[in-house]
file my_file.cif (mmCIF, C-alpha atoms)
data_entry
loop_
_atom_site.label_atom_id
_atom_site.label_comp_id
_atom_site.auth_asym_id
_atom_site.auth_seq_id
_atom_site.Cartn_x
_atom_site.Cartn_y
_atom_site.Cartn_z
CA MET A 24 20.70 -6.68 18.95
CA ASN A 25 17.36 -5.35 20.26
CA ALA A 26 13.94 -6.69 21.07
CA ILE A 27 10.64 -4.98 21.83
CA ALA A 28 8.19 -6.82 24.05
CA GLY A 29 4.56 -6.01 24.71
CA ILE A 30 3.34 -5.12 21.21
CA ALA A 31 1.11 -7.43 19.20
CA MET A 32 0.31 -7.31 15.52
CA ARG A 33 -3.50 -7.44 15.15
CA GLY A 34 -3.95 -7.12 11.40
CA VAL A 35 -2.43 -6.34 8.00
CA ALA A 36 -4.27 -5.11 4.89
CA ALA A 37 -3.04 -4.05 1.47
CA ALA A 38 -4.67 -2.30 -1.48
CA VAL A 39 -3.60 -2.10 -5.12
CA PRO A 40 -5.12 -0.28 -8.12
CA THR A 41 -6.85 -2.40 -10.79
CA LYS A 42 -4.79 -1.42 -13.86
CA ILE A 43 -2.18 -4.04 -14.76
CA ALA A 44 1.00 -3.19 -16.71
CA ARG A 45 2.61 -6.36 -18.06
CA THR A 46 6.34 -6.65 -18.65
CA SER A 47 5.53 -8.52 -21.87
CA GLU A 48 3.80 -5.36 -23.17
CA TYR A 49 6.49 -2.79 -22.24
CA GLU A 50 7.04 -1.03 -25.56
CA VAL A 51 10.46 0.43 -24.76
CA LEU A 52 12.02 -3.04 -24.99
CA SER A 53 12.01 -5.56 -27.84
CA PRO A 54 9.93 -8.73 -27.23
CA GLU A 55 13.17 -10.68 -26.57
CA GLU A 56 14.38 -8.05 -24.10
CA ARG A 57 11.03 -8.12 -22.31
CA GLN A 58 11.32 -11.87 -21.90
CA ARG A 59 14.85 -11.59 -20.60
CA LEU A 60 13.93 -8.84 -18.15
CA GLN A 61 11.01 -10.88 -16.84
CA LYS A 62 13.13 -13.98 -16.41
CA ALA A 63 15.93 -12.17 -14.53
CA THR A 64 13.77 -9.95 -12.32
CA GLY A 65 10.82 -12.31 -11.87
CA ILE A 66 8.57 -9.31 -12.51
CA GLY A 67 5.72 -10.23 -14.84
CA ALA A 68 3.42 -7.31 -14.10
CA HIS A 69 2.84 -4.36 -11.81
CA ARG A 70 -0.20 -2.32 -10.83
CA MET A 71 -0.67 1.30 -11.89
CA SER A 72 -2.77 3.90 -10.14
CA PRO A 73 -5.12 6.19 -12.05
CA PRO A 74 -3.43 9.60 -12.61
CA ASP A 75 -5.21 11.29 -9.71
CA GLN A 76 -4.75 8.49 -7.15
CA CYS A 77 -2.10 9.14 -4.49
CA THR A 78 -0.31 7.24 -1.74
CA SER A 79 -2.90 8.46 0.76
CA ASP A 80 -5.74 6.91 -1.27
CA LEU A 81 -4.26 3.40 -1.39
CA CYS A 82 -3.27 3.57 2.28
CA GLN A 83 -6.73 4.83 3.21
CA ALA A 84 -8.42 1.99 1.33
CA ALA A 85 -6.24 -0.51 3.22
CA ALA A 86 -6.79 1.25 6.57
CA GLU A 87 -10.59 1.44 6.15
CA HIS A 88 -10.68 -2.27 5.30
CA LEU A 89 -8.53 -3.14 8.32
CA LEU A 90 -10.45 -0.96 10.81
CA GLU A 91 -13.71 -2.51 9.65
CA HIS A 92 -12.29 -6.03 9.97
CA LEU A 93 -10.96 -5.37 13.48
CA GLY A 94 -14.04 -3.45 14.61
CA TRP A 95 -11.81 -0.78 16.13
CA ALA A 96 -13.56 2.47 17.08
CA ARG A 97 -11.92 5.36 15.19
CA ASP A 98 -11.23 7.26 18.40
CA SER A 99 -9.33 4.29 19.83
CA VAL A 100 -6.42 4.78 17.39
CA GLY A 101 -3.75 6.81 19.19
CA ALA A 102 -1.09 6.96 16.49
CA LEU A 103 -1.05 6.97 12.68
CA ILE A 104 2.42 6.76 11.18
CA LEU A 105 2.97 6.68 7.40
CA LEU A 106 6.23 5.49 5.88
CA THR A 107 6.56 6.57 2.26
CA GLN A 108 8.89 7.96 -0.40
CA THR A 109 6.03 9.50 -2.33
CA PRO A 110 3.87 11.64 -0.04
CA ASP A 111 0.90 13.45 -1.61
CA GLN A 112 2.70 16.80 -1.32
CA PRO A 113 5.96 18.10 0.24
CA ILE A 114 4.03 19.61 3.19
CA PRO A 115 2.00 18.90 5.23
CA ALA A 116 2.73 15.29 6.12
CA THR A 117 0.32 12.90 4.38
CA SER A 118 -0.35 11.02 7.64
CA ILE A 119 -1.92 14.17 9.12
CA VAL A 120 -4.21 14.47 6.09
CA LEU A 121 -5.14 10.81 6.65
CA GLN A 122 -5.93 11.43 10.34
CA ASP A 123 -8.73 13.69 9.13
CA LYS A 124 -9.86 11.58 6.16
CA LEU A 125 -10.02 8.42 8.29
CA GLY A 126 -12.04 10.28 10.93
CA LEU A 127 -9.51 9.64 13.69
CA SER A 128 -9.39 11.67 16.88
CA THR A 129 -7.38 14.91 17.02
CA LYS A 130 -5.62 13.28 19.99
CA CYS A 131 -4.05 10.88 17.47
CA ILE A 132 -0.31 11.33 16.90
CA ALA A 133 0.42 11.55 13.15
CA PHE A 134 3.63 12.04 11.21
CA ASP A 135 5.45 10.68 8.14
CA ILE A 136 8.74 8.84 7.95
CA ASN A 137 10.86 9.15 4.80
CA LEU A 138 11.79 5.51 4.18
CA GLY A 139 10.99 3.11 1.35
CA CYS A 140 12.27 -0.42 0.92
CA SER A 141 13.34 -0.72 4.59
CA ALA A 142 10.05 0.66 5.92
CA TYR A 143 8.66 -2.45 7.61
CA PRO A 144 11.35 -3.15 10.23
CA TYR A 145 11.91 0.58 10.78
CA GLY A 146 8.17 1.22 11.11
CA LEU A 147 7.74 -1.59 13.63
CA ALA A 148 10.66 -0.27 15.69
CA THR A 149 9.38 3.33 15.68
CA VAL A 150 5.69 2.72 16.21
CA ALA A 151 6.17 0.02 18.86
CA SER A 152 8.63 2.22 20.77
CA LEU A 153 6.24 5.16 20.65
CA MET A 154 3.31 3.05 21.86
CA LEU A 155 5.25 1.63 24.79
CA THR A 156 6.83 4.94 25.83
CA LEU A 157 3.70 7.09 25.57
CA ASN A 158 1.27 4.32 26.55
CA ILE A 159 -0.69 4.37 23.28
CA PRO A 160 -2.95 1.28 23.26
CA ARG A 161 -3.59 1.12 19.50
CA ALA A 162 -1.74 2.37 16.43
CA LEU A 163 -1.91 2.14 12.64
CA MET A 164 1.29 1.86 10.65
CA LEU A 165 0.74 2.75 6.99
CA MET A 166 3.10 2.15 4.10
CA GLY A 167 2.60 2.93 0.45
CA ASP A 168 4.19 4.34 -2.66
CA ILE A 169 3.19 5.46 -6.13
CA SER A 170 5.57 4.74 -9.03
CA ARG A 171 4.68 7.75 -11.21
CA VAL A 172 8.09 9.15 -10.26
CA CYS A 173 9.57 6.75 -12.84
CA GLU A 174 10.00 7.93 -16.43
CA TYR A 175 8.24 5.54 -18.85
CA LYS A 176 11.29 5.37 -21.16
CA ASP A 177 13.53 4.40 -18.22
CA ARG A 178 13.95 0.66 -18.71
CA THR A 179 16.07 0.45 -15.55
CA ALA A 180 13.19 1.65 -13.37
CA TRP A 181 9.72 1.87 -14.97
CA PRO A 182 9.02 -1.84 -15.56
CA LEU A 183 10.14 -2.73 -12.02
CA PHE A 184 7.94 -0.55 -9.81
CA GLY A 185 4.27 -0.93 -8.95
CA ASP A 186 1.75 0.96 -6.79
CA ALA A 187 0.34 -0.26 -3.48
CA GLY A 188 -0.76 0.92 -0.07
CA SER A 189 -0.97 -0.96 3.21
CA ALA A 190 -2.04 -0.76 6.84
CA THR A 191 -0.76 -2.72 9.83
CA ALA A 192 -2.60 -2.59 13.18
CA LEU A 193 -0.56 -2.81 16.38
CA GLU A 194 -1.82 -3.03 19.96
CA LEU A 195 -0.28 -2.97 23.42
CA ASP A 196 -0.39 -6.50 24.79
CA PRO A 197 1.68 -7.48 27.85
CA VAL A 198 1.85 -11.13 26.75
CA ALA A 199 2.79 -10.52 23.12
CA PRO A 200 5.97 -12.32 22.01
CA PRO A 201 9.03 -10.04 21.53
CA ILE A 202 9.84 -8.45 18.17
CA HIS A 203 13.57 -8.78 17.45
CA LEU A 204 15.09 -6.05 15.32
CA ASP A 205 18.26 -5.22 13.41
CA LEU A 206 18.39 -1.76 11.79
CA MET A 207 21.18 -0.30 9.63
CA SER A 208 21.96 2.83 7.55
CA ASP A 209 24.68 3.84 5.09
CA GLY A 210 24.31 7.29 3.55
CA ALA A 211 27.48 6.76 1.51
CA GLY A 212 25.08 5.01 -0.88
CA ARG A 213 22.66 7.94 -1.11
CA ASN A 214 23.04 8.27 -4.89
CA VAL A 215 22.17 4.64 -5.58
CA ILE A 216 18.40 5.28 -5.48
CA ILE A 217 17.54 8.96 -5.64
CA ILE A 218 15.01 11.52 -6.82
CA PRO A 219 17.44 14.42 -7.21
CA GLY A 220 14.87 17.18 -7.70
CA GLY A 221 12.15 18.64 -5.54
CA GLY A 222 14.15 19.45 -2.41
CA LEU A 223 15.93 22.66 -1.52
CA ALA A 224 19.37 21.21 -2.35
CA SER A 225 18.48 20.96 -6.04
CA ARG A 226 15.86 23.63 -6.54
CA LEU A 227 16.57 25.83 -9.51
CA PRO A 228 16.18 29.59 -9.07
CA PRO A 229 12.40 30.10 -9.22
CA GLY A 230 10.82 31.54 -12.32
CA ASP A 231 13.60 30.54 -14.70
CA GLU A 232 13.19 28.01 -17.50
CA PRO A 233 10.60 25.24 -17.67
CA ILE A 234 11.64 21.87 -16.25
CA GLN A 235 13.18 19.72 -18.96
CA ALA A 236 14.25 16.12 -19.28
CA VAL A 237 18.03 15.74 -19.54
CA PRO A 238 19.63 12.52 -20.83
CA GLY A 239 21.71 10.73 -18.19
CA ASN A 240 24.92 8.72 -18.72
CA ASP A 241 22.72 5.85 -19.90
CA GLY A 242 21.01 8.04 -22.51
CA VAL A 243 17.64 7.93 -20.72
CA PRO A 244 15.98 11.36 -20.52
CA ARG A 245 14.88 12.14 -16.95
CA ARG A 246 13.35 15.16 -15.28
CA PRO A 247 14.77 16.20 -11.88
CA GLY A 248 11.67 14.69 -10.21
CA ASN A 249 12.21 11.26 -11.76
CA LEU A 250 13.60 8.33 -9.82
CA LEU A 251 17.15 7.29 -10.67
CA LEU A 252 18.13 3.71 -9.85
CA ARG A 253 21.66 2.30 -10.11
CA GLY A 254 20.71 -1.36 -10.31
CA ALA A 255 24.20 -2.85 -10.23
CA ASP A 256 25.12 -1.02 -7.04
CA ILE A 257 21.83 -1.92 -5.36
CA PHE A 258 22.44 -5.53 -6.29
CA SER A 259 25.97 -5.51 -4.90
CA PHE A 260 24.78 -3.84 -1.67
CA ALA A 261 21.83 -6.16 -1.21
CA ILE A 262 23.62 -9.47 -1.63
CA THR A 263 26.62 -8.48 0.52
CA LYS A 264 24.99 -6.53 3.40
CA VAL A 265 21.48 -7.90 3.82
CA PRO A 266 21.98 -11.62 4.65
CA SER A 267 24.04 -10.75 7.75
CA SER A 268 21.21 -8.53 9.04
CA ILE A 269 18.88 -11.53 8.92
CA GLU A 270 21.53 -13.68 10.61
CA ARG A 271 22.08 -11.12 13.42
CA THR A 272 18.35 -10.94 14.08
CA LEU A 273 18.01 -14.71 14.27
CA ALA A 274 21.06 -14.98 16.53
CA ALA A 275 19.67 -12.33 18.90
CA ALA A 276 16.43 -14.30 19.14
CA GLY A 277 18.27 -17.60 19.58
CA LYS A 278 16.61 -19.01 16.45
CA THR A 279 17.81 -20.75 13.32
CA SER A 280 16.37 -20.17 9.85
CA ALA A 281 14.72 -23.60 10.08
CA GLU A 282 12.60 -22.38 13.01
CA VAL A 283 11.22 -19.44 11.03
CA ASP A 284 8.02 -20.17 9.11
CA PHE A 285 8.46 -17.56 6.38
CA LEU A 286 11.09 -15.15 5.10
CA VAL A 287 9.39 -12.02 3.79
CA LEU A 288 11.91 -9.94 1.87
CA HIS A 289 11.38 -6.55 0.33
CA GLN A 290 10.47 -7.42 -3.25
CA ALA A 291 13.42 -6.03 -5.22
CA ASN A 292 13.97 -8.57 -7.95
CA LYS A 293 14.30 -12.33 -8.26
CA MET A 294 18.10 -12.41 -8.60
CA ILE A 295 18.56 -10.30 -5.46
CA ASN A 296 15.92 -12.06 -3.39
CA ASP A 297 16.99 -15.58 -4.34
CA THR A 298 20.60 -14.76 -3.48
CA ILE A 299 19.71 -13.24 -0.08
CA ALA A 300 17.44 -16.16 0.84
CA LYS A 301 20.11 -18.67 -0.10
CA LYS A 302 22.88 -16.86 1.80
CA ALA A 303 20.67 -16.55 4.88
CA ARG A 304 19.93 -20.30 4.61
CA PHE A 305 16.24 -20.14 3.75
CA GLY A 306 14.69 -22.53 1.25
CA ALA A 307 12.98 -21.08 -1.81
CA ASP A 308 9.67 -22.55 -0.57
CA VAL A 309 9.58 -20.41 2.59
CA SER A 310 10.65 -17.15 0.91
CA LEU A 311 7.37 -15.49 -0.04
CA SER A 312 7.26 -13.52 -3.29
CA THR A 313 4.87 -11.22 -5.13
CA LEU A 314 7.30 -10.08 -7.81
CA ALA A 315 5.42 -11.89 -10.58
CA ASP A 316 2.16 -9.99 -10.05
CA TYR A 317 3.07 -6.72 -8.32
CA GLY A 318 6.79 -6.01 -8.99
CA ASN A 319 8.66 -3.82 -6.54
CA THR A 320 6.14 -1.86 -4.46
CA SER A 321 8.72 0.01 -2.37
CA SER A 322 7.55 0.60 1.22
CA ALA A 323 4.42 -1.55 0.74
CA SER A 324 6.22 -4.66 -0.52
CA ILE A 325 6.41 -6.62 2.76
CA PRO A 326 2.78 -6.06 3.91
CA LEU A 327 1.54 -6.62 0.33
CA THR A 328 3.47 -9.90 0.16
CA LEU A 329 1.93 -11.00 3.48
CA CYS A 330 -1.57 -10.18 2.22
CA ALA A 331 -1.01 -11.93 -1.13
CA HIS A 332 -0.27 -15.08 0.92
CA ALA A 333 -3.08 -14.56 3.45
CA SER A 334 -4.07 -18.24 3.34
CA HIS A 335 -0.64 -19.18 4.82
CA PHE A 336 -1.55 -17.32 8.01
CA ASP A 337 -4.36 -19.57 9.25
CA ARG A 338 -2.22 -20.18 12.34
CA ASP A 339 0.42 -18.22 14.26
CA ARG A 340 3.53 -17.83 12.13
CA LEU A 341 7.02 -16.64 12.98
CA ILE A 342 8.32 -14.46 10.14
CA ALA A 343 11.57 -12.70 9.33
CA ALA A 344 10.61 -9.46 7.55
CA CYS A 345 13.63 -7.87 5.89
CA GLY A 346 13.64 -4.57 4.00
CA PHE A 347 16.59 -3.06 2.13
CA GLY A 348 17.22 -0.29 -0.35
CA VAL A 349 16.89 3.48 -0.69
CA GLY A 350 19.08 5.38 1.79
CA LEU A 351 20.86 3.07 1.87
CA SER A 352 18.79 1.70 4.70
CA TRP A 353 18.13 -1.89 5.70
CA GLY A 354 16.87 -3.99 8.56
CA THR A 355 15.14 -7.12 9.75
CA ALA A 356 12.25 -7.77 12.15
CA LEU A 357 11.55 -11.21 13.56
CA LEU A 358 7.96 -11.28 14.73
CA THR A 359 4.93 -13.46 15.27
CA VAL A 360 2.02 -12.91 12.90
CA PRO A 361 -1.09 -14.15 14.73
CA ALA A 362 -3.55 -16.54 13.08
CA GLY A 363 -6.17 -14.84 10.94
CA SER A 364 -4.57 -11.38 11.11
CA VAL A 365 -3.54 -11.15 7.45
CA LEU A 366 -6.31 -10.00 5.10
CA PRO A 367 -6.26 -10.81 1.37
CA VAL A 368 -5.22 -7.99 -1.00
CA ILE A 369 -8.04 -5.67 -2.05
CA GLU A 370 -8.30 -3.57 -5.23
CA SER A 371 -9.14 0.12 -5.17
CA ASP A 372 -9.03 2.92 -7.72
CA HIS A 373 -10.79 5.19 -5.25
CA VAL A 374 -9.66 8.78 -4.79
CA TYR A 375 -10.81 10.01 -1.40
CA MET B 15 42.57 -17.80 -9.52
CA GLY B 16 43.44 -18.86 -13.08
CA ILE B 17 42.25 -17.03 -16.18
CA GLU B 18 40.77 -20.18 -17.77
CA ASP B 19 38.76 -20.91 -14.66
CA PHE B 20 37.65 -17.26 -14.45
CA ILE B 21 36.58 -17.21 -18.11
CA GLU B 22 34.55 -20.35 -17.51
CA LYS B 23 32.72 -18.77 -14.56
CA PHE B 24 32.28 -15.52 -16.49
CA ALA B 25 30.81 -17.39 -19.46
CA PHE B 26 28.47 -19.40 -17.26
CA ALA B 27 27.24 -16.19 -15.59
CA ILE B 28 26.31 -14.53 -18.87
CA GLU B 29 25.07 -17.76 -20.49
CA MET B 30 27.74 -18.01 -23.21
CA GLU B 31 30.14 -20.72 -24.32
CA PRO B 32 33.60 -20.28 -22.70
CA ALA B 33 35.18 -20.93 -26.12
CA ALA B 34 33.63 -17.68 -27.38
CA LEU B 35 35.52 -15.65 -24.76
CA ALA B 36 39.21 -14.89 -24.13
CA ALA B 37 41.26 -12.96 -21.56
CA ASP B 38 41.32 -9.91 -23.83
CA THR B 39 37.63 -9.99 -24.80
CA ASP B 40 36.15 -6.50 -24.58
CA PHE B 41 33.13 -7.96 -22.80
CA LYS B 42 30.90 -4.86 -22.76
CA ALA B 43 31.13 -4.80 -26.56
CA LEU B 44 29.66 -8.31 -26.81
CA GLU B 45 26.49 -8.39 -28.84
CA ASN B 46 24.42 -9.86 -26.03
CA TRP B 47 25.89 -7.70 -23.24
CA ASP B 48 23.32 -5.72 -21.23
CA SER B 49 22.75 -4.35 -17.75
CA LEU B 50 21.34 -7.67 -16.54
CA ASN B 51 24.70 -9.27 -17.33
CA THR B 52 26.27 -6.74 -14.96
CA LEU B 53 24.12 -8.20 -12.18
CA SER B 54 25.08 -11.76 -13.14
CA ILE B 55 28.78 -10.87 -12.95
CA ILE B 56 28.35 -9.22 -9.53
CA ALA B 57 26.54 -12.36 -8.37
CA MET B 58 29.33 -14.55 -9.75
CA ALA B 59 32.05 -12.50 -7.96
CA ASP B 60 30.09 -12.81 -4.72
CA ALA B 61 29.25 -16.51 -4.99
CA ASP B 62 32.51 -17.84 -6.45
CA TYR B 63 35.09 -15.44 -4.97
CA ASP B 64 33.27 -13.88 -1.99
CA VAL B 65 34.16 -10.43 -3.35
CA ALA B 66 31.80 -7.45 -3.59
CA ILE B 67 32.22 -5.49 -6.83
CA SER B 68 30.27 -2.41 -7.90
CA GLY B 69 28.71 -1.30 -11.15
CA ASP B 70 31.66 1.08 -11.57
CA ASP B 71 34.16 -1.79 -11.19
CA ILE B 72 32.56 -3.42 -14.21
CA LEU B 73 32.27 -0.13 -16.09
CA ASN B 74 35.98 0.56 -15.48
CA SER B 75 37.10 -2.89 -16.69
CA ARG B 76 37.54 -3.29 -20.44
CA THR B 77 38.59 -6.91 -20.76
CA ILE B 78 37.75 -10.07 -18.83
CA SER B 79 41.33 -10.10 -17.57
CA ASP B 80 40.92 -6.50 -16.24
CA LEU B 81 37.92 -7.61 -14.23
CA MET B 82 39.74 -10.66 -12.90
CA LYS B 83 42.55 -8.37 -11.67
CA THR B 84 40.03 -6.17 -9.85
CA ILE B 85 38.53 -9.20 -8.13
CA GLN B 86 42.00 -10.56 -7.28
CA GLU B 87 43.03 -7.24 -5.73
CA ARG B 88 39.79 -7.06 -3.76
CA LYS B 89 40.31 -10.58 -2.47
CA ALA B 90 43.92 -10.02 -1.39
#

call {"tool": "encode", "arguments": {"input": "my_file.cif", "output": "structure tokens"}}
result
Amino acid sequence: MNAIAGIAMRGVAAAVPTKIARTSEYEVLSPEERQRLQKATGIGAHRMSPPDQCTSDLCQAAAEHLLEHLGWARDSVGALILLTQTPDQPIPATSIVLQDKLGLSTKCIAFDINLGCSAYPYGLATVASLMLTLNIPRALMLMGDISRVCEYKDRTAWPLFGDAGSATALELDPVAPPIHLDLMSDGAGRNVIIIPGGGLASRLPPGDEPIQAVPGNDGVPRRPGNLLLRGADIFSFAITKVPSSIERTLAAAGKTSAEVDFLVLHQANKMINDTIAKKARFGADVSLSTLADYGNTSSASIPLTLCAHASHFDRDRLIAACGFGVGLSWGTALLTVPAGSVLPVIESDHVY
Amino acid sequence: MGIEDFIEKFAFAIEMEPAALAADTDFKALENWDSLNTLSIIAMADADYDVAISGDDILNSRTISDLMKTIQERKA
């Protein structure tokens, strides 16, 4: 489909909070059910932010770590783009708040993009295009989400999602290898993963009754601001639509799956990811996973999975990064991750 | 697509003995049925029949034979 040349990845960093929630200790399920859930999803634990920590805090921790590692002057960053489903507040955009907190120049372009699971390929496409068109030498692409939007009693959502923030540094480089991209959308699936409340479409007349939890068809009480996940439909979508996106990207680049060093899928669950990898003809050994320790970290899942396998990136690696989910939105990026550019995961409970 | 063969694949997907299931089994009433089984059945339909079924397809099927009909129609 499309390729972008002239943009190099310089670094990736990811931050998670220290508190660990283990699937084996999730009180809503019986011990047998917990075991079964862990076996099917591959999710053994996820990280939980302290109550006052937000997406901006985890992304800032990752960005500070990355800027320090790269030795980039703050005023050399020309764009700061955050992809998230859980901004700190409805307005203003969290990326603009981060421009100030990170001490970046007021000449820095900053805005948010409302994408989650598909954030990595979409972010690369957007930020790289912006850099090339407006001649921006350096940019930071941030991705992060906080899972407090899930109701604790919701067994179809709460045990799956974890908190993380990430930062990816991109730089104009005329000799950088091309990034091949395949990007797709299908709003017919908008109800498959949704937070129904909080926007103008659902806002109740102001000043009426207090917000209450209402039991859904599955009996789980949710408030309008809680995440609703229809797992069966996500599963059906992911295994039927996602493998062909990976195949189209490889075909456009003239590569086979055997020539790709690592497949880095959005971390949805083990059943989904194993099926996609198999259908796209990738061996289990080259499909990187962080489900066991971090669960599904939404927009941050691909950079977090890179960082959790930092030792694999001691030399240049060709990766297929494929995100899929909320929207529905999905896509693949085939790109070279340069040697030494992936930093190990850091922990932070800091609130900036 | 024969019913015996389908029951065997269905049983394998939800980790049960085929002998415990029949064409008219009300599968969502099975003691060990849960939402993870829904995913296993969707995976089975995809892998064995190359058919995409939704959560609603499973919700709207009462018996194993109902579900087989849905998959057959989708495949045709």

call {"tool": "closest_atom_pairs", "arguments": {"input": "my_file.cif", "of": "chain A", "to": "chain B", "cutoff": "12 Å", "atoms": "all atoms listed in the file", "output": "Markdown table"}}
result
| residue | atom | partner | partner_atom | distance |
| --- | --- | --- | --- | --- |
| A:Glu55 | CA | B:Asn46 | CA | 11.3 |
| A:Glu56 | CA | B:Asp48 | CA | 9.7 |
| A:Arg57 | CA | B:Leu50 | CA | 11.8 |
| A:Arg59 | CA | B:Leu50 | CA | 8.6 |
| A:Leu60 | CA | B:Leu50 | CA | 7.7 |
| A:Gln61 | CA | B:Leu50 | CA | 10.8 |
| A:Lys62 | CA | B:Leu50 | CA | 10.4 |
| A:Ala63 | CA | B:Leu50 | CA | 7.3 |
| A:Thr64 | CA | B:Leu50 | CA | 9.0 |
| A:Arg178 | CA | B:Ser49 | CA | 10.2 |
| A:Thr179 | CA | B:Ser49 | CA | 8.5 |
| A:Gly212 | CA | B:Ser68 | CA | 11.5 |
| A:Val215 | CA | B:Gly69 | CA | 10.4 |
| A:Asn240 | CA | B:Leu73 | CA | 11.8 |
| A:Asp241 | CA | B:Ser49 | CA | 10.4 |
| A:Leu252 | CA | B:Gly69 | CA | 11.8 |
| A:Arg253 | CA | B:Gly69 | CA | 8.0 |
| A:Gly254 | CA | B:Leu53 | CA | 7.9 |
| A:Ala255 | CA | B:Gly69 | CA | 4.9 |
| A:Asp256 | CA | B:Ser68 | CA | 5.4 |
| A:Ile257 | CA | B:Ser68 | CA | 8.8 |
| A:Phe258 | CA | B:Leu53 | CA | 6.7 |
| A:Ser259 | CA | B:Ser68 | CA | 6.1 |
| A:Phe260 | CA | B:Ala66 | CA | 8.1 |
| A:Ala261 | CA | B:Ala66 | CA | 10.3 |
| A:Ile262 | CA | B:Ala57 | CA | 7.9 |
| A:Thr263 | CA | B:Ala66 | CA | 6.7 |
| A:Lys264 | CA | B:Ala66 | CA | 9.8 |
| A:Asn292 | CA | B:Leu53 | CA | 11.0 |
| A:Lys293 | CA | B:Leu53 | CA | 11.4 |
| A:Met294 | CA | B:Leu53 | CA | 8.2 |
| A:Ile295 | CA | B:Ala57 | CA | 8.7 |
| A:Asn296 | CA | B:Ala57 | CA | 11.7 |
| A:Asp297 | CA | B:Ala57 | CA | 10.9 |
| A:Thr298 | CA | B:Ala57 | CA | 8.1 |
| A:Ile299 | CA | B:Ala57 | CA | 10.8 |
| A:Lys301 | CA | B:Ala61 | CA | 10.6 |
| A:Lys302 | CA | B:Ala61 | CA | 9.3 |

call {"tool": "resolve_selection", "arguments": {"input": "my_file.cif", "expression": "the PyMOL selection byres ((chain A and resi 216-222) around 12)", "output": "VMD selection string"}}
result
chain A and resid 108 to 109 112 to 114 138 to 140 170 to 174 179 to 180 210 to 215 223 to 227 234 to 236 245 to 258 260 321 347 to 352

call {"tool": "residues_around", "arguments": {"input": "my_file.cif", "residues": "Ser334 of chain A", "least_positions_apart": "3", "cutoff": "10 Å", "atoms": "all atoms listed in the file", "output": "ChimeraX atom specification"}}
result
/A:329-331,337-338,362-363,365-367

call {"tool": "resolve_selection", "arguments": {"input": "my_file.cif", "expression": "the PyMOL selection byres ((chain A and resi 154) around 12)", "output": "JSON, numbers by chain"}}
result
{"A": [27, 28, 29, 30, 31, 100, 101, 102, 103, 104, 131, 132, 146, 147, 148, 149, 150, 151, 152, 153, 155, 156, 157, 158, 159, 160, 161, 162, 163, 164, 192, 193, 194, 195, 196]}

call {"tool": "resolve_selection", "arguments": {"input": "my_file.cif", "expression": "the PyMOL selection byres ((chain A and resi 268) around 12)", "output": "JSON, numbers by chain"}}
result
{"A": [24, 141, 144, 203, 204, 205, 206, 207, 208, 261, 262, 263, 264, 265, 266, 267, 269, 270, 271, 272, 273, 274, 275, 288, 299, 300, 302, 303, 343, 344, 345, 346, 347, 352, 353, 354, 355, 356, 357]}

call {"tool": "residues_near_point", "arguments": {"input": "my_file.cif", "point": "(33.2, -18.1, -16.8)", "cutoff": "12 Å", "atoms": "all atoms listed in the file", "output": "JSON, numbers by chain"}}
result
{"B": [15, 16, 17, 18, 19, 20, 21, 22, 23, 24, 25, 26, 27, 28, 29, 30, 31, 32, 33, 34, 35, 36, 37, 41, 54, 55, 58, 59, 62, 78, 79, 81, 82]}

call {"tool": "write_last_selection", "arguments": {"input": "my_file.cif", "atoms": "C-alpha atoms", "output": "mmCIF file, in the coordinates of the input"}}
result
data_model
loop_
_atom_site.group_PDB
_atom_site.id
_atom_site.type_symbol
_atom_site.label_atom_id
_atom_site.label_comp_id
_atom_site.auth_asym_id
_atom_site.auth_seq_id
_atom_site.Cartn_x
_atom_site.Cartn_y
_atom_site.Cartn_z
ATOM 1 C CA MET B 15 42.570 -17.800 -9.520
ATOM 2 C CA GLY B 16 43.440 -18.860 -13.080
ATOM 3 C CA ILE B 17 42.250 -17.030 -16.180
ATOM 4 C CA GLU B 18 40.770 -20.180 -17.770
ATOM 5 C CA ASP B 19 38.760 -20.910 -14.660
ATOM 6 C CA PHE B 20 37.650 -17.260 -14.450
ATOM 7 C CA ILE B 21 36.580 -17.210 -18.110
ATOM 8 C CA GLU B 22 34.550 -20.350 -17.510
ATOM 9 C CA LYS B 23 32.720 -18.770 -14.560
ATOM 10 C CA PHE B 24 32.280 -15.520 -16.490
ATOM 11 C CA ALA B 25 30.810 -17.390 -19.460
ATOM 12 C CA PHE B 26 28.470 -19.400 -17.260
ATOM 13 C CA ALA B 27 27.240 -16.190 -15.590
ATOM 14 C CA ILE B 28 26.310 -14.530 -18.870
ATOM 15 C CA GLU B 29 25.070 -17.760 -20.490
ATOM 16 C CA MET B 30 27.740 -18.010 -23.210
ATOM 17 C CA GLU B 31 30.140 -20.720 -24.320
ATOM 18 C CA PRO B 32 33.600 -20.280 -22.700
ATOM 19 C CA ALA B 33 35.180 -20.930 -26.120
ATOM 20 C CA ALA B 34 33.630 -17.680 -27.380
ATOM 21 C CA LEU B 35 35.520 -15.650 -24.760
ATOM 22 C CA ALA B 36 39.210 -14.890 -24.130
ATOM 23 C CA ALA B 37 41.260 -12.960 -21.560
ATOM 24 C CA PHE B 41 33.130 -7.960 -22.800
ATOM 25 C CA SER B 54 25.080 -11.760 -13.140
ATOM 26 C CA ILE B 55 28.780 -10.870 -12.950
ATOM 27 C CA MET B 58 29.330 -14.550 -9.750
ATOM 28 C CA ALA B 59 32.050 -12.500 -7.960
ATOM 29 C CA ASP B 62 32.510 -17.840 -6.450
ATOM 30 C CA ILE B 78 37.750 -10.070 -18.830
ATOM 31 C CA SER B 79 41.330 -10.100 -17.570
ATOM 32 C CA LEU B 81 37.920 -7.610 -14.230
ATOM 33 C CA MET B 82 39.740 -10.660 -12.900
#
